[in-house]
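File shown: entry07.cif (mmCIF, C-alpha atoms).
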data_coords
#
loop_
_atom_site.label_atom_id
_atom_site.label_comp_id
_atom_site.auth_asym_id
_atom_site.auth_seq_id
_atom_site.Cartn_x
_atom_site.Cartn_y
_atom_site.Cartn_z
CA MET L 378 123.52 77.65 100.39
CA ASN L 379 124.89 79.66 103.21
CA ILE L 380 123.73 82.88 101.64
CA LYS L 381 120.18 81.62 101.43
CA VAL L 382 120.02 80.77 105.12
CA PHE L 383 121.36 84.17 106.02
CA THR L 384 118.71 85.90 104.00
CA VAL L 385 115.92 84.19 105.91
CA SER L 386 117.44 85.16 109.20
CA VAL L 387 117.65 88.81 108.29
CA ILE L 388 113.96 88.93 107.46
CA ALA L 389 113.15 87.50 110.85
CA LEU L 390 115.16 90.25 112.51
CA ALA L 391 113.43 92.94 110.56
CA ALA L 392 110.09 91.68 111.79
CA VAL L 393 111.25 91.82 115.41
CA ALA L 394 112.53 95.34 114.93
CA SER L 395 109.07 96.32 113.82
CA VAL L 396 107.57 94.98 117.05
CA THR L 397 110.20 96.88 119.03
CA ASP L 398 109.07 100.12 117.41
CA THR L 399 105.57 99.83 118.82
CA GLN L 400 106.76 99.44 122.41
CA ALA L 401 107.01 103.17 123.13
CA ALA L 402 103.88 104.92 124.27
CA THR L 403 103.37 108.67 124.36
CA VAL L 404 100.88 110.77 126.24
CA THR L 405 100.23 114.48 126.32
CA GLY L 406 99.82 115.87 129.81
CA SER L 407 98.28 119.24 130.54
CA ALA L 408 99.64 121.87 132.90
CA ASP L 409 98.16 125.03 134.34
CA ALA L 410 98.94 127.87 136.68
CA THR L 411 97.08 130.91 137.93
CA VAL L 412 98.96 134.14 138.42
CA ILE L 413 96.87 136.32 140.70
CA GLN L 414 96.56 140.09 140.78
CA PRO L 415 99.46 141.55 142.69
CA ILE L 416 98.56 142.93 146.09
CA ALA L 417 98.66 146.70 146.40
CA ILE L 418 98.07 149.27 149.11
CA THR L 419 97.19 152.91 148.68
CA ALA L 420 97.13 155.61 151.36
CA VAL L 421 93.76 157.40 151.39
CA ASN L 422 93.63 159.58 154.51
CA PRO L 423 96.53 160.74 156.67
CA LEU L 424 96.68 159.87 160.34
CA ALA L 425 95.94 163.36 161.69
CA PHE L 426 95.50 164.41 165.32
CA GLY L 427 94.35 167.92 164.56
CA LYS L 428 94.91 170.92 166.78
CA PHE L 429 95.19 170.91 170.54
CA VAL L 430 96.74 172.75 173.45
CA LYS L 431 99.28 170.84 175.51
CA GLY L 432 98.19 172.32 178.84
CA ALA L 433 100.41 172.65 181.89
CA THR L 434 101.40 169.03 182.23
CA GLY L 435 100.78 167.55 178.81
CA GLY L 436 98.91 164.28 178.30
CA THR L 437 97.70 162.36 175.27
CA VAL L 438 95.43 162.67 172.31
CA VAL L 439 93.72 159.42 171.42
CA LEU L 440 92.41 159.10 167.89
CA THR L 441 90.14 156.12 167.23
CA THR L 442 90.13 154.19 163.96
CA ALA L 443 86.71 155.76 163.42
CA GLY L 444 88.42 159.14 163.38
CA GLY L 445 87.17 160.57 166.70
CA ARG L 446 89.46 162.22 169.25
CA THR L 447 89.66 162.28 173.02
CA ALA L 448 92.21 163.98 175.25
CA THR L 449 93.79 162.87 178.50
CA GLY L 450 95.78 164.78 181.09
CA ALA L 451 96.00 168.52 180.66
CA VAL L 452 95.60 168.41 176.89
CA VAL L 453 92.67 170.41 175.53
CA LEU L 454 91.41 169.68 172.04
CA SER L 455 90.82 172.56 169.69
CA THR L 456 87.78 172.50 167.51
CA ALA L 457 89.25 175.02 165.14
CA GLY L 458 89.32 173.30 161.80
CA ALA L 459 88.44 169.68 161.19
CA PHE L 460 91.93 168.37 160.81
CA GLU L 461 91.71 165.06 162.56
CA SER L 462 91.29 161.81 160.69
CA ALA L 463 92.13 158.17 161.12
CA GLY L 464 94.78 156.88 158.75
CA THR L 465 93.06 154.85 156.06
CA PHE L 466 94.46 152.61 153.36
CA THR L 467 92.89 150.62 150.57
CA VAL L 468 94.34 147.17 149.93
CA THR L 469 93.53 145.54 146.60
CA GLY L 470 94.35 142.18 145.05
CA GLU L 471 93.00 138.70 144.45
CA THR L 472 89.43 138.20 145.62
CA ASP L 473 89.20 136.27 148.88
CA ALA L 474 92.97 136.05 149.25
CA THR L 475 94.28 136.45 152.77
CA PHE L 476 97.18 138.71 153.56
CA THR L 477 99.35 139.91 156.40
CA ILE L 478 99.51 143.53 157.54
CA SER L 479 102.43 145.22 159.21
CA VAL L 480 101.79 148.57 160.84
CA PRO L 481 104.67 150.05 162.84
CA ALA L 482 103.92 150.11 166.57
CA ASN L 483 105.23 153.65 166.87
CA VAL L 484 105.41 156.66 164.60
CA THR L 485 107.58 159.65 165.45
CA LEU L 486 106.46 163.14 164.51
CA THR L 487 109.05 165.87 164.20
CA GLU L 488 108.83 169.64 164.31
CA ALA L 489 110.91 170.94 161.46
CA GLY L 490 112.27 174.06 163.13
CA THR L 491 113.42 172.66 166.45
CA SER L 492 113.59 168.95 165.66
CA THR L 493 111.57 168.20 168.77
CA THR L 494 109.41 165.14 168.50
CA MET L 495 106.20 163.46 169.62
CA VAL L 496 105.52 159.74 169.46
CA ILE L 497 102.33 158.00 168.34
CA THR L 498 101.53 154.54 169.62
CA THR L 499 99.46 153.06 166.83
CA PHE L 500 96.53 150.68 166.73
CA SER L 501 94.50 149.57 163.77
CA ASP L 502 91.56 147.49 162.54
CA LEU L 503 89.62 146.61 159.42
CA ASN L 504 86.29 148.23 160.24
CA GLY L 505 87.03 151.69 161.65
CA THR L 506 85.26 151.46 164.99
CA THR L 507 85.63 153.25 168.26
CA ALA L 508 86.21 149.92 169.99
CA THR L 509 89.83 149.41 169.04
CA THR L 510 92.22 150.72 171.68
CA THR L 511 95.90 151.12 172.23
CA ALA L 512 95.83 147.90 174.21
CA ALA L 513 94.31 146.07 171.25
CA GLY L 514 97.30 146.98 169.12
CA ASN L 515 97.53 146.53 165.39
CA VAL L 516 95.65 144.19 163.11
CA THR L 517 98.00 141.63 161.55
CA GLY L 518 95.96 140.10 158.75
CA GLY L 519 92.93 140.43 156.53
CA THR L 520 90.94 138.95 153.67
CA LEU L 521 90.38 140.60 150.32
CA THR L 522 86.64 140.01 150.21
CA GLY L 523 85.55 141.30 146.84
CA GLY L 524 89.19 141.99 146.05
CA THR L 525 89.53 144.94 148.38
CA GLN L 526 89.94 145.76 152.07
CA THR L 527 90.20 149.03 153.95
CA LEU L 528 92.69 149.37 156.78
CA TYR L 529 92.08 151.94 159.51
CA VAL L 530 94.89 153.26 161.69
CA GLY L 531 94.40 155.20 164.91
CA GLY L 532 96.78 156.02 167.70
CA GLU L 533 97.65 157.60 170.96
CA LEU L 534 99.83 160.68 170.70
CA ALA L 535 101.98 161.49 173.72
CA VAL L 536 102.18 165.23 174.39
CA GLY L 537 104.94 166.45 176.68
CA ALA L 538 104.50 169.12 179.34
CA ALA L 539 107.12 171.21 177.54
CA GLN L 540 106.01 170.31 174.04
CA VAL L 541 106.89 173.14 171.66
CA PRO L 542 103.75 174.50 169.97
CA ALA L 543 104.22 173.90 166.24
CA ASN L 544 103.29 171.63 163.38
CA TYR L 545 104.63 168.11 163.76
CA THR L 546 104.79 165.71 160.85
CA GLY L 547 106.06 162.25 160.15
CA THR L 548 105.58 159.29 157.88
CA TYR L 549 105.02 155.59 158.47
CA ALA L 550 105.14 152.60 156.18
CA VAL L 551 102.42 149.96 156.13
CA THR L 552 103.24 146.67 154.45
CA VAL L 553 100.81 144.07 153.16
CA GLU L 554 101.75 140.69 151.79
CA TYR L 555 99.82 137.67 150.55
CA ASN L 556 99.81 134.72 152.89
CA MET E 729 120.76 92.92 95.94
CA SER E 730 117.72 92.37 98.08
CA VAL E 731 119.91 90.73 100.68
CA ILE E 732 122.01 93.86 100.97
CA ALA E 733 118.97 96.06 101.41
CA ALA E 734 117.58 93.89 104.16
CA ARG E 735 120.92 93.88 105.92
CA SER E 736 120.90 97.66 105.95
CA VAL E 737 117.62 97.62 107.83
CA PHE E 738 119.10 95.18 110.27
CA LEU E 739 121.99 97.51 111.05
CA GLU E 740 119.72 100.46 111.71
CA ARG E 741 117.76 98.46 114.20
CA SER E 742 120.79 96.88 115.77
CA THR E 743 120.85 99.18 118.76
CA ILE E 744 117.35 98.09 119.70
CA CYS E 745 117.85 94.44 119.00
CA CYS E 746 121.48 94.15 120.02
CA ARG E 747 120.97 91.18 122.27
CA THR E 748 119.68 89.12 119.40
CA LEU E 749 122.97 89.49 117.53
CA LEU E 750 124.45 86.76 119.67
CA ALA E 751 121.84 84.21 118.75
CA ILE E 752 119.60 84.77 115.78
CA ALA E 753 117.28 81.98 116.92
CA GLY E 754 116.66 83.85 120.16
CA CYS E 755 115.19 86.72 118.27
CA ASN E 756 111.88 85.00 117.81
CA ALA E 757 111.58 84.55 121.56
CA MET E 758 111.46 88.34 121.98
CA VAL E 759 108.18 88.63 120.17
CA PRO E 760 106.01 87.06 122.90
CA LEU E 761 108.18 88.70 125.61
CA HIS E 762 106.90 92.21 124.75
CA ALA E 763 103.63 91.23 123.23
CA GLY E 764 101.60 93.38 125.64
CA GLU E 765 101.64 96.84 124.20
CA LEU E 766 102.85 99.51 126.59
CA GLY E 767 100.25 102.18 127.24
CA ILE E 768 100.09 105.44 129.15
CA THR E 769 97.11 107.61 129.97
CA SER E 770 96.78 110.82 131.91
CA SER E 771 94.80 110.63 135.13
CA GLN E 772 95.62 114.01 136.67
CA SER E 773 96.95 117.22 135.18
CA LEU E 774 99.94 119.16 136.48
CA SER E 775 98.94 122.32 138.29
CA PHE E 776 101.16 124.97 139.79
CA GLY E 777 98.15 126.41 141.57
CA LYS E 778 97.67 130.03 142.51
CA PHE E 779 100.46 132.40 143.32
CA ALA E 780 101.44 136.04 143.25
CA ALA E 781 104.12 136.64 140.67
CA GLY E 782 107.65 137.75 141.39
CA ASP E 783 111.10 136.99 140.08
CA GLY E 784 111.40 133.31 141.00
CA SER E 785 109.87 129.92 140.43
CA VAL E 786 107.19 127.49 141.55
CA THR E 787 108.11 123.83 141.88
CA VAL E 788 105.60 121.01 142.18
CA ARG E 789 107.25 117.77 143.27
CA PRO E 790 105.99 114.37 142.09
CA ASP E 791 104.48 113.86 145.56
CA GLY E 792 102.36 116.97 144.98
CA SER E 793 104.12 119.24 147.44
CA ARG E 794 104.75 122.78 146.26
CA LEU E 795 107.53 125.20 147.00
CA THR E 796 108.65 128.54 145.65
CA SER E 797 111.89 130.39 145.19
CA GLY E 798 112.61 134.09 144.90
CA GLN E 799 109.76 136.56 145.21
CA VAL E 800 106.90 134.23 144.29
CA ILE E 801 104.21 133.94 146.97
CA MET E 802 101.98 130.88 147.05
CA LEU E 803 98.30 131.10 147.93
CA ASP E 804 96.79 128.34 150.01
CA SER E 805 93.55 128.69 148.05
CA GLY E 806 95.28 127.18 144.97
CA PRO E 807 97.60 124.45 146.22
CA GLY E 808 98.57 122.83 142.90
CA GLN E 809 99.10 119.16 142.17
CA ALA E 810 101.51 116.82 140.42
CA ALA E 811 100.59 115.17 137.13
CA SER E 812 99.69 111.50 137.31
CA PHE E 813 99.77 108.94 134.53
CA VAL E 814 98.81 105.28 134.47
CA VAL E 815 101.30 103.08 132.64
CA THR E 816 100.04 99.69 131.51
CA GLY E 817 101.74 96.73 129.90
CA ASP E 818 103.11 93.32 130.63
CA PRO E 819 103.32 92.42 134.33
CA ASN E 820 106.66 92.92 136.08
CA LEU E 821 108.45 94.41 133.09
CA THR E 822 110.50 97.56 133.43
CA TYR E 823 110.15 100.63 131.29
CA ALA E 824 112.06 103.84 130.71
CA VAL E 825 110.49 107.27 131.20
CA THR E 826 111.39 110.19 128.97
CA LEU E 827 110.34 113.63 130.18
CA PRO E 828 110.53 116.96 128.34
CA GLY E 829 113.91 118.67 128.39
CA ASP E 830 114.47 122.18 129.70
CA GLY E 831 113.39 124.92 127.34
CA THR E 832 110.89 122.78 125.46
CA VAL E 833 107.67 123.40 127.38
CA ALA E 834 105.91 126.69 127.98
CA MET E 835 102.54 127.74 129.33
CA SER E 836 100.60 130.67 127.97
CA ASP E 837 97.59 132.78 128.85
CA GLY E 838 97.18 133.59 125.18
CA VAL E 839 99.53 136.55 125.26
CA ASN E 840 102.20 135.97 127.90
CA SER E 841 104.15 132.82 128.63
CA MET E 842 106.19 131.05 131.28
CA GLN E 843 108.74 128.28 130.78
CA VAL E 844 108.34 124.93 132.49
CA ASN E 845 111.65 123.25 133.20
CA GLY E 846 113.13 120.62 135.49
CA PHE E 847 110.62 117.85 134.86
CA VAL E 848 110.99 115.01 137.37
CA SER E 849 109.05 111.81 137.83
CA SER E 850 108.37 109.17 140.43
CA PRO E 851 109.47 106.51 139.74
CA VAL E 852 112.58 108.28 138.49
CA SER E 853 113.60 107.53 134.87
CA SER E 854 112.63 103.85 135.02
CA GLY E 855 109.59 102.05 136.40
CA THR E 856 108.45 98.50 136.97
CA LEU E 857 104.95 97.38 136.10
CA SER E 858 103.07 95.60 138.84
CA GLY E 859 101.97 91.98 138.77
CA GLY E 860 98.72 93.34 137.41
CA GLY E 861 100.58 95.13 134.63
CA SER E 862 100.27 98.76 135.67
CA GLN E 863 102.02 101.51 137.56
CA LEU E 864 101.22 105.07 138.56
CA LEU E 865 103.73 107.59 137.22
CA ASP E 866 103.77 110.99 138.95
CA VAL E 867 105.39 113.98 137.29
CA GLY E 868 106.41 117.34 138.70
CA ALA E 869 108.25 120.33 137.25
CA THR E 870 109.44 123.86 137.91
CA LEU E 871 107.66 126.91 136.53
CA GLU E 872 109.84 129.94 135.83
CA VAL E 873 108.01 133.12 136.84
CA GLY E 874 108.96 136.61 135.75
CA ALA E 875 109.09 139.64 138.02
CA GLY E 876 106.29 141.36 136.15
CA GLN E 877 104.39 138.24 135.10
CA PRO E 878 100.88 139.46 134.21
CA ALA E 879 97.98 137.99 136.15
CA GLY E 880 96.02 135.35 134.29
CA ASN E 881 95.26 131.70 133.77
CA TYR E 882 98.14 129.96 132.05
CA SER E 883 97.99 126.53 130.44
CA GLY E 884 100.12 124.26 128.29
CA THR E 885 100.91 120.68 127.40
CA PHE E 886 103.90 118.41 127.66
CA MET E 887 104.81 114.96 126.35
CA VAL E 888 105.75 111.92 128.40
CA VAL E 889 107.14 108.87 126.63
CA VAL E 890 107.48 105.42 128.15
CA ASP E 891 109.30 102.55 126.48
CA TYR E 892 110.10 99.01 127.52
CA ASN E 893 113.66 98.63 128.69
#

Encoded form using C-alpha cells:
Amino acid sequence: MNIKVFTVSVIALAAVASVTDTQAATVTGSADATVIQPIAITAVNPLAFGKFVKGATGGTVVLTTAGGRTATGAVVLSTAGAFESAGTFTVTGETDATFTISVPANVTLTEAGTSTTMVITTFSDLNGTTATTTAAGNVTGGTLTGGTQTLYVGGELAVGAAQVPANYTGTYAVTVEYN
Amino acid sequence: MSVIAARSVFLERSTICCRTLLAIAGCNAMVPLHAGELGITSSQSLSFGKFAAGDGSVTVRPDGSRLTSGQVIMLDSGPGQAASFVVTGDPNLTYAVTLPGDGTVAMSDGVNSMQVNGFVSSPVSSGTLSGGGSQLLDVGATLEVGAGQPAGNYSGTFMVVVDYN
C-alpha cells in the first residue's frame, strides 16, 4: 500500500522536473570590431635651406612650407644649385580618420668638422603655402581625407655673424598618432 | 522495477527540485509558478567599434562606454556599443544570467582572430523581471588585441543563457 502511493508521487516529480528543464532560454548575440589601417608617416623631401653667405652680421634664412626662401639681415642667398626644399611627409592610414601631429619646435644643425651649430625654428602646415610663418608655428592635427595627408615643414634658420662656412646637417622626428 | 527507474530520474533532478523534497504535495504548486516561459531576444549587437591595433585591449562596458588598455587607440568615428537583450517571462520573478567564460569566444575576419573575454552584464548575474514581465539585459566584454593585429572587419557570436532562479 505504501509502495503504491510512493510510486504515484515519483511520477508527479518527474513531470515537474520536465517543466523545470524548459525554463532556461538561450540567445546568440553577435559581436563585431573594426581594426583600422595603422597610421604611418614617410619622409619625402628633406628640409633644406640651400646655399647662402652669412654676410658680416649674419641674419636668417626663412624657408616657407611652399619651398621658397627669403633672407634677412646680412645673409645673401646663393642661387647656385637648387638645394632648397620644404620638408614634406606623407601620412597614410584610415580614410577620414583624424590624427595629431608633433613637429619639434626647433631643429639643430651641426657642422661635422667643428661641431658648430645652427638652429631652425620650425613651422608647418597641411597645404604648403607661403602664408604660414614662424609666428604661426606648427600644425597639430589633420584628417586623412582619402586615407592620406601631406605635411609640409618650413622654418627659420638663424645664421650667426661668425658662422663657420660649411655643410650643416641634422635630423628631426615627426610623430603622428590617431586621435 | 519500474519504481526504481523512476526514482533514479527523481535523484538526477533533485538539485533543481530540491525544495519539493520537503513536501511532495507542494511540487504541483510549482507548475503554475513558472508557467510563463522565460525568453530572451537580442535587440542590439555588441560592437567594439573602430580602433588602431596595438598590444592591448578594448573594453565595452554594459553602459556602452568604451575604454582601451595598452597601445590600442580608439577612433571616435566608431564608438562601439554594448549588447542588449530583452528578457521576458513571468512578472517580478528573478532569473540567473550565464555569460560565456574566458577563452570561449573569438571574433574573426576570416583569417585572423581576436579573443573576447571578461563578459559582464547589467544586471549582474541575476535580474528581476518587471511587473510587465520583461527586463533589458546589457552585456559588455573585453576584446584582446594583438600588437600586429591585421586591419579588417572582425565578427563573431556568443551565447547568453537566462534561467529562472

- Task: Have a look at atom CA of L:Thr525 and atom CA of L:Val468 and let me know their distance in Å, one decimal.
- Result: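 According to the coordinates, atom CA of L:Thr525 and atom CA of L:Val468 are separated by 5.5 Å.
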
- Excluding E:Ala834 and any residue of its chain fewer than 3 positions from it, enumerate the residues within 7 Å of it, using all atoms listed in the file, and give them as a count of residues only. 5

- Scan for residues within 9 Å of the point (92.7, 111.9, 132.6) in the coordinates of the file, using all atoms listed in the file, and reply as a PyMOL selection string. (chain L and resi 406) or (chain E and resi 769-773+812-813)

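Neighbourhood of point (107.3, 104.6, 129.4): residues with an atom at most 8 Å away, counting only C-alpha atoms, are Ala401, Ala402 and Thr403 of chain L; Leu766, Gly767, Ile768, Val815, Tyr823, Ala824, Val825, Thr826, Ser854, Gly855, Val888, Val889, Val890, Asp891 and Tyr892 of chain E.
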
- Task: Can you work out the spacing between atom CA of L:Val484 and atom CA of L:Gly514 in Å, to one decimal?
- Result: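 If I compute the distance from atom CA of L:Val484 to atom CA of L:Gly514, I get 13.4 Å.
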
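Atom CA of L:Val430 is found 5.7 Å from atom CA of L:Val452.
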
- Query: stretch 490-504 of chain L: which residues within 9 Å, counting only C-alpha atoms, same-chain residues fewer than 3 positions away excluded, as a VMD selection string?
  - Reply: chain L and resid 441 to 443 464 480 to 487 509 to 517 519 526 to 537 540 to 541 543 545 to 546

Selected residues written out, C-alpha atoms, as a CSV table (one decimal), keeping the file's coordinate frame:
chain,number,residue,atom,x,y,z
L,441,THR,CA,90.1,156.1,167.2
L,442,THR,CA,90.1,154.2,164.0
L,443,ALA,CA,86.7,155.8,163.4
L,464,GLY,CA,94.8,156.9,158.8
L,480,VAL,CA,101.8,148.6,160.8
L,481,PRO,CA,104.7,150.0,162.8
L,482,ALA,CA,103.9,150.1,166.6
L,483,ASN,CA,105.2,153.6,166.9
L,484,VAL,CA,105.4,156.7,164.6
L,485,THR,CA,107.6,159.6,165.4
L,486,LEU,CA,106.5,163.1,164.5
L,487,THR,CA,109.0,165.9,164.2
L,509,THR,CA,89.8,149.4,169.0
L,510,THR,CA,92.2,150.7,171.7
L,511,THR,CA,95.9,151.1,172.2
L,512,ALA,CA,95.8,147.9,174.2
L,513,ALA,CA,94.3,146.1,171.2
L,514,GLY,CA,97.3,147.0,169.1
L,515,ASN,CA,97.5,146.5,165.4
L,516,VAL,CA,95.6,144.2,163.1
L,517,THR,CA,98.0,141.6,161.6
L,519,GLY,CA,92.9,140.4,156.5
L,526,GLN,CA,89.9,145.8,152.1
L,527,THR,CA,90.2,149.0,154.0
L,528,LEU,CA,92.7,149.4,156.8
L,529,TYR,CA,92.1,151.9,159.5
L,530,VAL,CA,94.9,153.3,161.7
L,531,GLY,CA,94.4,155.2,164.9
L,532,GLY,CA,96.8,156.0,167.7
L,533,GLU,CA,97.6,157.6,171.0
L,534,LEU,CA,99.8,160.7,170.7
L,535,ALA,CA,102.0,161.5,173.7
L,536,VAL,CA,102.2,165.2,174.4
L,537,GLY,CA,104.9,166.4,176.7
L,540,GLN,CA,106.0,170.3,174.0
L,541,VAL,CA,106.9,173.1,171.7
L,543,ALA,CA,104.2,173.9,166.2
L,545,TYR,CA,104.6,168.1,163.8
L,546,THR,CA,104.8,165.7,160.8

- Task: Find the residues near E:Asp830: any atom within 8 Å, counting only C-alpha atoms, skip ones fewer than 4 places away on the same chain, and give them as a list in words.
- Result: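 Within the cut-off, the hits are Val844, Asn845, Gly846 and Phe847 of chain E.
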
- Distance criterion (all atoms listed in the file): nearest to E:Asp783 out of E:Ala875, E:Ile801, E:Leu821, E:Val848: E:Ala875

- For chain E, the nearest of the candidates L:Asp473, L:Asp409, L:Glu461, L:Glu554, counting all atoms listed in the file: L:Asp409

- Item | Nearest residue to E:Ser775 from the set L:Ala420, L:Ala489, L:Val439, L:Val412 (distances using all atoms listed in the file) |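 Of L:Ala420, L:Ala489, L:Val439, L:Val412, the one nearest E:Ser775, counting all atoms listed in the file, is L:Val412.
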
- Task: Would you write out, as an NGL selection string, every residue that the PyMOL selection byres ((chain E and resi 839) around 12) captures in this file?
- Result: :E and (835-838 or 840-842 or 877-883)

- Query: Using only C-alpha atoms, which of E:Leu827, E:Gly777, E:Ser805, E:Ser785 sits nearest L:Thr520?
  - Reply: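 Once distances to L:Thr520 are computed over only C-alpha atoms, the minimum belongs to E:Ser805.
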
- Can you list what the PyMOL selection byres ((chain E and resi 849) around 6) grabs from this structure, as a list in words?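 That expression, the PyMOL selection byres ((chain E and resi 849) around 6), corresponds here to Pro790, Val848, Ser850, Pro851, Val852, Asp866 and Val867 of chain E.
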
- Judged by all atoms listed in the file, the minimum distance to chain L among E:Gly808, E:Gly784, E:Gly798, E:Gly860 is found for E:Gly808

- Message: Could you tell me, as an MDAnalysis selection string, exactly which residues end up selected when the PyMOL selection byres ((chain L and resi 552) around 9) is applied to this structure?
- Response: chainID L and resid 418 477:480 550:551 553:554
